[in-house]
file entry_37.csv (CSV, C-alpha atoms)
chain,number,residue,atom,x,y,z
N,18,MET,CA,2.4,34.6,-2.6
N,19,VAL,CA,0.0,32.0,-4.1
N,20,GLU,CA,-0.4,28.9,-2.0
N,21,ARG,CA,0.1,25.7,-3.9
N,22,GLU,CA,-3.1,23.7,-4.4
N,23,GLU,CA,-1.2,20.5,-3.5
N,24,ASP,CA,-0.7,21.9,0.1
N,25,GLN,CA,-4.4,21.8,0.6
N,26,ILE,CA,-4.9,18.1,-0.3
N,27,SER,CA,-5.7,15.4,2.2
N,28,CYS,CA,-7.3,12.0,1.9
N,29,PRO,CA,-10.8,11.7,3.4
N,30,VAL,CA,-10.2,8.0,4.2
N,31,CYS,CA,-6.9,7.9,6.1
N,32,TRP,CA,-6.5,11.8,6.6
N,33,VAL,CA,-3.0,11.7,5.2
N,34,SER,CA,-1.9,15.1,3.9
N,35,SER,CA,0.3,16.0,1.0
N,36,GLY,CA,4.1,15.8,1.6
N,37,PRO,CA,6.2,13.1,3.2
N,38,SER,CA,4.0,10.3,4.6
N,39,GLY,CA,3.9,6.7,5.7
N,40,HIS,CA,2.0,5.8,2.5
N,41,ASN,CA,4.0,4.5,-0.4
N,42,ASP,CA,3.0,5.0,-4.0
N,43,THR,CA,2.2,1.5,-5.0
N,44,THR,CA,0.2,-0.6,-7.4
N,45,ALA,CA,-0.2,-3.6,-5.0
N,46,THR,CA,-3.1,-5.8,-5.8
N,47,THR,CA,-4.4,-6.6,-2.3
N,48,ALA,CA,-4.9,-4.8,0.9
N,49,GLY,CA,-2.2,-7.0,2.5
N,50,ASP,CA,0.3,-5.9,-0.1
N,51,LEU,CA,-0.7,-2.3,0.5
N,52,SER,CA,-0.2,-2.6,4.3
N,53,ALA,CA,3.2,-4.3,3.8
N,54,SER,CA,4.4,-1.6,1.3
N,55,ALA,CA,3.2,1.2,3.6
N,56,SER,CA,5.4,-0.1,6.4
N,57,GLU,CA,8.4,-0.3,4.1
N,58,SER,CA,8.6,3.4,3.4
N,59,SER,CA,7.9,6.3,5.7
N,60,ALA,CA,9.4,9.2,3.7
N,61,GLN,CA,8.0,8.9,0.2
N,62,GLU,CA,5.8,11.7,-1.0
N,63,VAL,CA,2.1,10.7,-1.3
N,64,ILE,CA,0.5,10.6,-4.7
N,65,PHE,CA,-3.1,11.9,-4.7
N,66,ALA,CA,-5.6,10.5,-7.2
N,67,LYS,CA,-8.7,12.2,-8.6
N,68,THR,CA,-11.8,10.2,-9.7
N,69,PRO,CA,-14.1,11.2,-12.6
N,70,CYS,CA,-16.6,12.4,-10.0
N,71,ASN,CA,-13.8,14.9,-8.8
N,72,HIS,CA,-13.2,13.3,-5.4
N,73,VAL,CA,-9.6,13.1,-4.3
N,74,TYR,CA,-7.9,10.3,-2.3
N,75,CYS,CA,-4.4,9.1,-1.7
N,76,ARG,CA,-3.5,6.6,-4.3
N,77,THR,CA,-3.0,3.9,-1.7
N,78,CYS,CA,-6.6,4.2,-0.3
N,79,ILE,CA,-8.4,4.4,-3.6
N,80,GLU,CA,-6.5,1.4,-5.0
N,81,ARG,CA,-7.4,-0.6,-2.0
N,82,VAL,CA,-11.1,0.1,-2.9
N,83,LEU,CA,-10.8,-0.6,-6.6
N,84,LEU,CA,-8.6,-3.8,-6.6
N,85,PRO,CA,-10.6,-6.4,-4.6
N,86,ASP,CA,-13.7,-8.2,-6.1
N,87,ILE,CA,-13.7,-7.5,-9.8
N,88,ALA,CA,-10.2,-6.2,-10.0
N,89,THR,CA,-9.7,-2.5,-11.1
N,90,MET,CA,-13.4,-1.7,-10.7
N,91,GLY,CA,-15.3,-0.3,-7.7
N,92,THR,CA,-17.3,2.7,-6.5
N,93,CYS,CA,-16.2,6.1,-5.1
N,94,PRO,CA,-16.4,6.0,-1.3
N,95,MET,CA,-17.9,9.5,-1.2
N,96,CYS,CA,-20.7,9.3,-3.8
N,97,ARG,CA,-20.8,5.7,-4.9
N,98,THR,CA,-20.2,6.5,-8.6
N,99,ALA,CA,-18.7,3.7,-10.5
N,100,VAL,CA,-14.9,4.1,-10.9
N,101,SER,CA,-12.2,2.2,-12.8
N,102,ILE,CA,-8.6,2.3,-11.7
N,103,PHE,CA,-7.9,3.5,-15.3
N,104,ASP,CA,-10.0,6.6,-14.7
N,105,LEU,CA,-7.7,7.9,-12.0
N,106,LYS,CA,-5.8,11.1,-12.7
N,107,HIS,CA,-3.0,12.8,-10.7
N,108,ALA,CA,-4.8,15.3,-8.5
N,109,THR,CA,-2.5,18.2,-9.3
N,110,THR,CA,-1.1,17.5,-12.8
N,111,GLU,CA,-4.4,15.9,-14.2
N,112,LYS,CA,-2.3,13.3,-16.0
N,113,SER,CA,-3.6,9.8,-16.1
N,114,LEU,CA,-2.0,7.5,-13.5
N,115,TYR,CA,-2.5,4.6,-15.9
N,116,PRO,CA,-2.1,5.8,-19.5
N,117,SER,CA,-4.1,4.0,-22.2
N,118,ASN,CA,-3.0,2.2,-25.3
N,119,SER,CA,0.3,1.0,-24.0
N,120,ASP,CA,2.6,-1.3,-26.0
N,121,VAL,CA,1.1,-4.7,-26.2
N,122,SER,CA,4.5,-6.3,-26.6
N,123,SER,CA,5.3,-5.6,-22.9
N,124,TRP,CA,2.1,-7.4,-21.7
N,125,PRO,CA,2.2,-10.9,-20.1
N,126,ILE,CA,-0.6,-11.9,-22.4
N,127,ALA,CA,1.1,-10.6,-25.6
N,128,ASN,CA,0.6,-12.8,-28.7
N,129,ASN,CA,-2.3,-14.7,-27.1
N,130,VAL,CA,-5.7,-15.2,-28.7
N,131,TYR,CA,-8.6,-16.1,-26.4
N,132,LYS,CA,-11.3,-18.0,-28.2
N,133,GLN,CA,-14.8,-18.9,-27.1
N,134,SER,CA,-15.0,-22.7,-27.0
N,135,PRO,CA,-17.1,-25.5,-25.5
N,136,ILE,CA,-16.3,-25.9,-21.8
N,137,ARG,CA,-14.6,-28.9,-20.3
N,138,ARG,CA,-15.5,-29.3,-16.7
N,139,ARG,CA,-12.1,-28.3,-15.3
N,140,ARG,CA,-11.7,-26.7,-11.9
N,141,GLY,CA,-11.2,-22.9,-12.0
N,142,LEU,CA,-12.5,-22.4,-15.6
N,143,GLN,CA,-15.5,-20.1,-15.9
N,144,THR,CA,-17.4,-18.8,-18.9
N,145,PHE,CA,-18.9,-15.9,-20.7
N,146,GLN,CA,-22.5,-16.3,-21.8
N,147,THR,CA,-22.2,-14.4,-25.1
N,148,GLU,CA,-24.0,-16.9,-27.4
N,149,MET,CA,-27.2,-14.9,-26.8
N,150,ILE,CA,-25.7,-12.1,-29.0
N,151,PHE,CA,-23.1,-13.8,-31.2
N,152,ARG,CA,-22.2,-17.4,-31.3
N,153,ASN,CA,-18.5,-16.8,-31.6
N,154,THR,CA,-16.3,-14.1,-30.0
N,155,SER,CA,-12.6,-13.9,-29.4
N,156,PHE,CA,-10.0,-11.5,-28.1
N,157,SER,CA,-6.6,-11.1,-29.8
N,158,PHE,CA,-3.5,-9.5,-28.4
N,159,ASN,CA,-1.1,-10.0,-31.3
N,160,LEU,CA,2.3,-8.3,-31.3
N,161,GLY,CA,2.5,-5.2,-33.4
N,162,HIS,CA,-1.3,-4.7,-33.4
N,163,SER,CA,-3.9,-3.1,-31.2
N,164,PRO,CA,-6.0,-5.6,-29.2
N,165,LYS,CA,-8.9,-6.8,-31.3
N,166,LEU,CA,-12.4,-8.1,-30.8
N,167,GLN,CA,-13.6,-10.7,-33.2
N,168,TYR,CA,-17.2,-11.7,-33.4
N,169,GLY,CA,-19.9,-13.2,-35.7
N,170,GLU,CA,-22.1,-16.2,-36.4
N,171,ALA,CA,-19.6,-18.2,-38.4
N,172,SER,CA,-17.5,-21.0,-37.0
N,173,ASP,CA,-14.5,-20.2,-39.2
N,174,PRO,CA,-12.3,-17.5,-37.6
N,175,ASP,CA,-11.5,-16.1,-41.0
N,176,ASP,CA,-15.2,-15.3,-41.5
N,177,LEU,CA,-15.5,-13.3,-38.2
N,178,GLN,CA,-15.6,-9.5,-38.2
N,179,SER,CA,-12.6,-7.9,-36.5
N,180,PHE,CA,-12.3,-4.5,-34.8
N,181,ASP,CA,-9.5,-2.8,-33.0
N,182,PHE,CA,-10.1,-1.6,-29.5
N,183,GLN,CA,-9.8,2.2,-29.7
N,184,ARG,CA,-9.0,2.6,-26.0
N,185,TYR,CA,-7.5,-0.1,-23.8
N,186,HIS,CA,-5.5,-0.6,-20.7
N,187,LEU,CA,-3.8,-3.5,-18.9
N,188,HIS,CA,-3.2,-3.6,-15.1
N,189,PRO,CA,-0.3,-6.2,-15.0
N,190,GLN,CA,-0.4,-6.7,-11.2
N,191,SER,CA,-4.0,-8.0,-11.3
N,192,MET,CA,-3.8,-9.3,-14.9
N,193,THR,CA,-6.9,-7.2,-15.8
N,194,PHE,CA,-7.7,-5.8,-19.3
N,195,HIS,CA,-10.1,-3.0,-20.1
N,196,GLY,CA,-11.1,-2.3,-23.7
N,197,ARG,CA,-13.6,-0.1,-25.5
N,198,LEU,CA,-14.6,0.4,-29.1
N,199,ASP,CA,-17.4,2.3,-30.9
N,200,PHE,CA,-18.7,0.8,-34.1
N,201,ASN,CA,-18.9,3.1,-37.1
N,202,THR,CA,-21.9,1.2,-38.2
N,203,PRO,CA,-24.1,-0.4,-35.5
N,204,VAL,CA,-24.1,-4.2,-35.4
N,205,SER,CA,-26.8,-6.7,-34.7
N,206,SER,CA,-27.0,-10.5,-34.5
N,207,PRO,CA,-28.7,-12.3,-37.4
N,208,SER,CA,-29.7,-15.2,-35.3
N,209,ASP,CA,-33.4,-15.9,-35.3
N,210,ASN,CA,-33.4,-16.5,-31.5
N,211,SER,CA,-31.2,-13.6,-30.7
N,212,MET,CA,-32.1,-10.3,-29.2
N,213,CYS,CA,-33.7,-7.9,-31.6
N,214,TYR,CA,-31.4,-5.0,-30.7
N,215,SER,CA,-28.5,-3.2,-32.5
N,216,TYR,CA,-25.4,-2.1,-30.7
N,217,SER,CA,-23.1,0.9,-31.2
N,218,SER,CA,-20.4,0.2,-28.6
N,219,PHE,CA,-18.5,-2.6,-26.9
N,220,ASN,CA,-16.8,-2.5,-23.5
N,221,CYS,CA,-15.1,-5.3,-21.6
N,222,LEU,CA,-13.2,-6.0,-18.4
N,223,LEU,CA,-11.2,-9.3,-18.6
N,224,GLN,CA,-9.3,-10.7,-15.7
N,225,PHE,CA,-6.9,-13.4,-16.8
N,226,SER,CA,-5.5,-16.3,-14.8
N,227,ASP,CA,-2.1,-15.9,-13.2
N,228,ASP,CA,-0.5,-17.9,-16.1
N,229,GLY,CA,-2.5,-16.0,-18.7
N,230,GLN,CA,-4.0,-19.1,-20.2
N,231,TYR,CA,-7.7,-18.3,-19.7
N,232,ILE,CA,-10.1,-15.6,-18.6
N,233,ARG,CA,-11.3,-16.2,-15.0
N,234,ASP,CA,-13.5,-13.2,-14.3
N,235,GLY,CA,-14.9,-10.0,-15.7
N,236,TYR,CA,-17.8,-8.8,-17.9
N,237,ILE,CA,-18.6,-7.6,-21.4
N,238,HIS,CA,-21.1,-4.9,-22.3
N,239,TRP,CA,-22.8,-4.4,-25.7
N,240,GLY,CA,-24.1,-0.9,-25.7
N,241,TYR,CA,-27.5,-0.3,-27.4
N,242,GLU,CA,-27.6,2.1,-30.4
N,243,SER,CA,-29.4,5.4,-29.6
N,244,THR,CA,-32.6,6.3,-31.5
N,245,THR,CA,-34.6,9.4,-32.1
N,246,PRO,CA,-37.7,9.8,-29.7
N,247,GLY,CA,-39.6,11.7,-32.4
N,248,GLU,CA,-39.3,8.8,-34.8
N,249,TYR,CA,-39.7,6.0,-32.2
N,250,PRO,CA,-41.7,7.6,-29.3
N,251,LEU,CA,-41.9,4.5,-27.2
N,252,ASP,CA,-38.1,3.8,-27.3
N,253,GLY,CA,-36.3,3.7,-24.0
N,254,LYS,CA,-36.4,1.8,-20.7
N,255,TRP,CA,-39.7,0.6,-19.2
N,256,LYS,CA,-40.8,-1.1,-16.0
N,257,VAL,CA,-43.4,-3.7,-16.8
N,258,GLU,CA,-45.9,-4.8,-14.2
N,259,TRP,CA,-48.6,-7.5,-14.4
N,260,GLU,CA,-51.7,-7.6,-12.3
N,261,ASN,CA,-50.3,-10.6,-10.4
N,262,GLY,CA,-47.5,-8.4,-9.1
N,263,GLU,CA,-44.8,-9.8,-11.4
N,264,VAL,CA,-42.3,-7.0,-12.5
N,265,MET,CA,-39.5,-6.8,-15.0
N,266,GLU,CA,-37.6,-4.1,-17.0
N,267,ILE,CA,-37.5,-4.1,-20.8
N,268,TYR,CA,-35.6,-2.0,-23.4
N,269,VAL,CA,-37.5,-0.8,-26.5
N,270,GLN,CA,-35.4,0.1,-29.5
N,271,ARG,CA,-37.0,1.1,-32.9
N,272,HIS,CA,-40.3,0.0,-31.3
N,273,CYS,CA,-38.9,-3.6,-30.9
N,274,PHE,CA,-38.2,-5.3,-27.6
N,275,ASN,CA,-37.4,-8.7,-26.1
N,276,CYS,CA,-39.3,-10.2,-23.3
N,277,PHE,CA,-38.7,-13.8,-22.0
N,278,GLU,CA,-36.4,-14.4,-24.9
N,279,THR,CA,-39.1,-13.6,-27.5
N,280,ASN,CA,-39.0,-10.6,-29.8
N,281,TYR,CA,-41.9,-8.2,-30.2
N,282,GLU,CA,-42.6,-5.3,-32.6
N,283,ILE,CA,-44.8,-2.3,-31.6
N,284,THR,CA,-46.9,-0.7,-34.4
N,285,LEU,CA,-49.3,2.3,-34.3
N,286,ASP,CA,-52.8,1.8,-35.7
N,287,ASP,CA,-54.7,4.4,-37.7
N,288,ASP,CA,-55.7,6.2,-34.5
N,289,HIS,CA,-52.0,6.2,-33.4
N,290,ARG,CA,-52.6,3.7,-30.6
N,291,PRO,CA,-49.8,1.3,-30.0
N,292,ARG,CA,-50.2,-2.5,-30.3
N,293,PHE,CA,-48.2,-5.6,-30.7
N,294,GLU,CA,-49.0,-9.3,-31.4
N,295,TRP,CA,-47.9,-12.3,-29.5
N,296,PRO,CA,-45.9,-14.7,-31.7
N,297,LEU,CA,-47.4,-18.1,-32.7
N,298,SER,CA,-46.9,-20.8,-30.1
N,299,THR,CA,-47.0,-24.6,-30.2
N,300,ARG,CA,-49.2,-24.6,-27.1
N,301,ARG,CA,-52.7,-25.8,-28.0
N,302,PHE,CA,-54.5,-22.7,-26.7
N,303,PHE,CA,-52.6,-20.5,-29.0
N,304,GLN,CA,-53.2,-22.8,-31.9
N,305,ARG,CA,-56.9,-22.1,-31.5
N,306,GLN,CA,-56.3,-18.4,-30.9
N,307,ARG,CA,-54.9,-17.1,-34.2
N,308,ASN,CA,-53.7,-13.7,-32.9
N,309,VAL,CA,-53.3,-12.5,-29.4
N,310,VAL,CA,-53.1,-8.7,-29.6
N,311,GLN,CA,-51.8,-6.4,-26.9
N,312,GLN,CA,-53.4,-3.0,-27.3
N,313,SER,CA,-53.3,0.4,-25.6
N,314,THR,CA,-56.1,3.0,-25.7
N,315,GLN,CA,-53.6,5.8,-25.3
N,316,GLN,CA,-52.8,7.8,-28.5
N,317,ILE,CA,-49.3,8.6,-29.5
N,318,PRO,CA,-49.5,11.6,-31.9
N,319,ALA,CA,-47.1,11.7,-34.8
N,320,GLY,CA,-43.9,13.5,-33.9
N,321,SER,CA,-44.5,13.2,-30.1
N,322,SER,CA,-42.2,11.5,-27.7
N,323,GLY,CA,-44.8,9.4,-26.0
N,324,PRO,CA,-45.3,9.2,-22.2
N,325,SER,CA,-42.8,11.2,-20.1
N,326,VAL,CA,-40.5,9.6,-17.5
N,327,GLY,CA,-42.7,8.3,-14.6
N,328,GLU,CA,-45.9,8.2,-16.7
N,329,THR,CA,-47.6,4.9,-17.6
N,330,LEU,CA,-49.0,3.1,-20.6
N,331,GLU,CA,-51.8,0.5,-20.0
N,332,TRP,CA,-52.2,-2.5,-22.2
N,333,SER,CA,-55.1,-5.0,-22.5
N,334,THR,CA,-55.6,-8.0,-24.9
N,335,ASN,CA,-58.3,-9.3,-27.1
N,336,VAL,CA,-58.6,-12.3,-24.7
N,337,ALA,CA,-60.7,-11.2,-21.8
N,338,SER,CA,-59.2,-13.7,-19.3
N,339,PHE,CA,-55.7,-12.3,-19.8
N,340,GLU,CA,-54.3,-9.9,-17.3
N,341,LYS,CA,-53.8,-6.2,-18.0
N,342,ILE,CA,-50.2,-5.0,-18.2
N,343,VAL,CA,-48.9,-1.5,-17.1
N,344,TRP,CA,-45.7,0.0,-18.5
N,345,LYS,CA,-44.0,2.8,-16.5
N,346,ARG,CA,-41.4,4.8,-18.3
N,347,ILE,CA,-37.9,4.9,-16.8
N,348,SER,CA,-36.0,6.7,-19.6
N,349,MET,CA,-36.9,8.5,-22.8
N,350,ALA,CA,-34.1,7.0,-24.9
N,351,LEU,CA,-31.4,4.4,-24.7
N,352,SER,CA,-27.8,5.3,-23.8
N,353,PRO,CA,-25.0,3.1,-25.2
N,354,LYS,CA,-23.0,3.8,-22.0
N,355,THR,CA,-25.6,2.5,-19.5
N,356,ASP,CA,-28.1,0.5,-21.5
N,357,GLY,CA,-27.3,-2.8,-23.3
N,358,GLN,CA,-26.4,-6.4,-22.7
N,359,ARG,CA,-24.1,-6.6,-19.7
N,360,LEU,CA,-22.9,-10.2,-19.2
N,361,ARG,CA,-20.9,-11.4,-16.3
N,362,ILE,CA,-18.6,-14.4,-16.4
N,363,ARG,CA,-20.3,-17.5,-15.0
N,364,PRO,CA,-20.2,-21.2,-15.5
N,365,ASP,CA,-22.3,-22.2,-18.5
N,366,HIS,CA,-21.6,-23.5,-22.0
N,367,PHE,CA,-18.5,-21.7,-23.2
N,368,VAL,CA,-15.1,-20.6,-21.9
N,369,TYR,CA,-12.5,-18.2,-23.2
N,370,ARG,CA,-9.1,-19.7,-23.2
N,371,ASN,CA,-5.8,-19.2,-25.0
N,372,VAL,CA,-5.9,-21.1,-28.3
N,373,ASP,CA,-2.5,-22.6,-27.5
N,374,PHE,CA,-3.6,-23.8,-24.0
N,375,GLN,CA,-3.9,-27.5,-23.8

call {"tool": "encode", "arguments": {"input": "entry_37.csv", "output": "structure tokens"}}
result
Amino acid sequence: MVEREEDQISCPVCWVSSGPSGHNDTTATTAGDLSASASESSAQEVIFAKTPCNHVYCRTCIERVLLPDIATMGTCPMCRTAVSIFDLKHATTEKSLYPSNSDVSSWPIANNVYKQSPIRRRRGLQTFQTEMIFRNTSFSFNLGHSPKLQYGEASDPDDLQSFDFQRYHLHPQSMTFHGRLDFNTPVSSPSDNSMCYSYSSFNCLLQFSDDGQYIRDGYIHWGYESTTPGEYPLDGKWKVEWENGEVMEIYVQRHCFNCFETNYEITLDDDHRPRFEWPLSTRRFFQRQRNVVQQSTQQIPAGSSGPSVGETLEWSTNVASFEKIVWKRISMALSPKTDGQRLRIRPDHFVYRNVDFQ
């Protein structure tokens, strides 16, 4: 007789085993709710949940981990891998515990549109800092349609581009929405002062106020478009270090990068050595210095992928008094899933609120 896999399951946090238990299958939003619900039922069969990293917990324990802080997001207690509550599957049936793309009409935020607008200093309202990519973005949850992202540079909503989220969830108890979309054609911002990158995906986590009238927490992530290392051998993620000890990380895409809110373009000279120029400045020194050129003596042969991960690229300038800069490679290419502009809600210039909210 084959022993059922379910008989072998136990939770590594509370040690509860499969079968009747004091844990109740619940979608409570706080640890207090979970404790209360656990005491209400002592005979209900435990539901075990599997994470994307293949660790198994009772549903009560893993939801206790994922629901505080930014609701529905957390890390696996065993390996610290990032986990969303919507990633959880039933440990034995492999079915999603929170199916995606449910009917919007049943949601408490149904028929609402959340538009980016100038902030009024009201207690409890926070903001998304998205103007560094697109000046206007909004989220639409109209009945009969998939949730939509609208974005663009225009002030007229009719002139904004609109895309349906291809995969989305709502956790009603915590009023939290997850949405993802992949662009058929990568998008970029036309603003002169914007980042120089193009994006192939968009992900967001939006936690709404209890009354559903504004977004109070969450993040959005614009995923960078991937490029070919052979065509752009210096593309990827780099650690930049100055001689004075200052350190920062930059992303290079199509040999362009943004540093201190300024765009730069890397070119290869006739000897295949990389170089880029500092843009013109209003500071008097740079008015006298026509071009400040950052140059590396390292050759990047045609068709090569440049320095490997962990290797360095040294830069010097045509101004002797300027410090040398060293780049250390972190990755060979950009990944839309992990690399991009990830923006957390914080008080600033704009707020997302329901357009009908007075």

call {"tool": "atom_distance", "arguments": {"input": "entry_37.csv", "atom1": "CA of Trp259 (chain N)", "atom2": "CA of Glu278 (chain N)"}}
result
17.5 Å

call {"tool": "residues_around", "arguments": {"input": "entry_37.csv", "residues": "Phe103 (chain N)", "least_positions_apart": "3", "cutoff": "10 Å", "atoms": "all atoms listed in the file", "output": "PDB file with C-alpha atoms, keeping the file's coordinate frame"}}
result
ATOM      1  CA  THR N  68     -11.800  10.200  -9.700  1.00  0.00           C
ATOM      2  CA  THR N  89      -9.700  -2.500 -11.100  1.00  0.00           C
ATOM      3  CA  MET N  90     -13.400  -1.700 -10.700  1.00  0.00           C
ATOM      4  CA  VAL N 100     -14.900   4.100 -10.900  1.00  0.00           C
ATOM      5  CA  LYS N 106      -5.800  11.100 -12.700  1.00  0.00           C
ATOM      6  CA  SER N 113      -3.600   9.800 -16.100  1.00  0.00           C
ATOM      7  CA  LEU N 114      -2.000   7.500 -13.500  1.00  0.00           C
ATOM      8  CA  TYR N 115      -2.500   4.600 -15.900  1.00  0.00           C
ATOM      9  CA  PRO N 116      -2.100   5.800 -19.500  1.00  0.00           C
ATOM     10  CA  SER N 117      -4.100   4.000 -22.200  1.00  0.00           C
ATOM     11  CA  TYR N 185      -7.500  -0.100 -23.800  1.00  0.00           C
ATOM     12  CA  HIS N 186      -5.500  -0.600 -20.700  1.00  0.00           C
ATOM     13  CA  LEU N 187      -3.800  -3.500 -18.900  1.00  0.00           C
ATOM     14  CA  HIS N 188      -3.200  -3.600 -15.100  1.00  0.00           C
ATOM     15  CA  HIS N 195     -10.100  -3.000 -20.100  1.00  0.00           C
TER      16      HIS N 195
END

call {"tool": "closest_residue", "arguments": {"input": "entry_37.csv", "among": "N:Ile237, N:Met192, N:Ala319, N:Leu285", "to": "Arg359 (chain N)", "atoms": "only C-alpha atoms"}}
result
N:Ile237

call {"tool": "residues_around", "arguments": {"input": "entry_37.csv", "residues": "Thr92 (chain N)", "least_positions_apart": "5", "cutoff": "8 Å", "atoms": "all atoms listed in the file", "output": "tab-separated table (two decimals) with C-alpha atoms, in the coordinates of the input"}}
result
chain	number	residue	atom	x	y	z
N	82	VAL	CA	-11.10	0.10	-2.90
N	83	LEU	CA	-10.80	-0.60	-6.60
N	97	ARG	CA	-20.80	5.70	-4.90
N	98	THR	CA	-20.20	6.50	-8.60
N	99	ALA	CA	-18.70	3.70	-10.50
N	100	VAL	CA	-14.90	4.10	-10.90

call {"tool": "atom_distance", "arguments": {"input": "entry_37.csv", "atom1": "CA of Cys28 (chain N)", "atom2": "CA of Val73 (chain N)"}}
result
6.7 Å

call {"tool": "residues_near_point", "arguments": {"input": "entry_37.csv", "point": "(-14.9, -11.4, -28.6)", "cutoff": "8 Å", "atoms": "only C-alpha atoms", "output": "list in words"}}
result
Lys132, Gln133, Asn153, Thr154, Ser155, Phe156, Leu166, Gln167 and Tyr168 of chain N

call {"tool": "closest_residue", "arguments": {"input": "entry_37.csv", "among": "N:Ile126, N:Ala350, N:Pro318, N:Glu294", "to": "Asp227 (chain N)", "atoms": "all atoms listed in the file"}}
result
N:Ile126

call {"tool": "atom_distance", "arguments": {"input": "entry_37.csv", "atom1": "CA of Ala127 (chain N)", "atom2": "CA of Phe219 (chain N)"}}
result
21.2 Å

call {"tool": "closest_residue", "arguments": {"input": "entry_37.csv", "among": "N:Thr193, N:Ser123, N:Gln312, N:Asn201", "to": "Leu222 (chain N)", "atoms": "all atoms listed in the file"}}
result
N:Thr193

call {"tool": "closest_atom_pairs", "arguments": {"input": "entry_37.csv", "of": "region 223-268 of chain N", "to": "region 323-347 of chain N", "cutoff": "10 Å", "atoms": "only C-alpha atoms", "output": "CSV"}}
result
residue,atom,partner,partner_atom,distance
N:Pro246,CA,N:Gly323,CA,8.0
N:Gly247,CA,N:Gly323,CA,8.6
N:Tyr249,CA,N:Gly323,CA,8.7
N:Pro250,CA,N:Gly323,CA,4.9
N:Leu251,CA,N:Gly323,CA,5.8
N:Asp252,CA,N:Gly323,CA,8.8
N:Gly253,CA,N:Ile347,CA,7.5
N:Lys254,CA,N:Ile347,CA,5.2
N:Trp255,CA,N:Arg346,CA,4.6
N:Lys256,CA,N:Lys345,CA,5.1
N:Val257,CA,N:Trp344,CA,4.7
N:Glu258,CA,N:Val343,CA,5.3
N:Trp259,CA,N:Ile342,CA,4.8
N:Glu260,CA,N:Glu340,CA,6.1
N:Asn261,CA,N:Glu340,CA,8.0
N:Glu263,CA,N:Ile342,CA,9.9
N:Val264,CA,N:Val343,CA,9.7
N:Met265,CA,N:Trp344,CA,9.8
N:Glu266,CA,N:Ile347,CA,9.0
N:Ile267,CA,N:Trp344,CA,9.5
N:Tyr268,CA,N:Ile347,CA,9.8

call {"tool": "residues_around", "arguments": {"input": "entry_37.csv", "residues": "Asn275 (chain N)", "least_positions_apart": "4", "cutoff": "10 Å", "atoms": "all atoms listed in the file", "output": "list in words"}}
result
Ser211, Met212, Cys213, Tyr214, Ile267, Tyr268, Val269, Gln270, Thr279, Asn280, Tyr281 and Glu282 of chain N
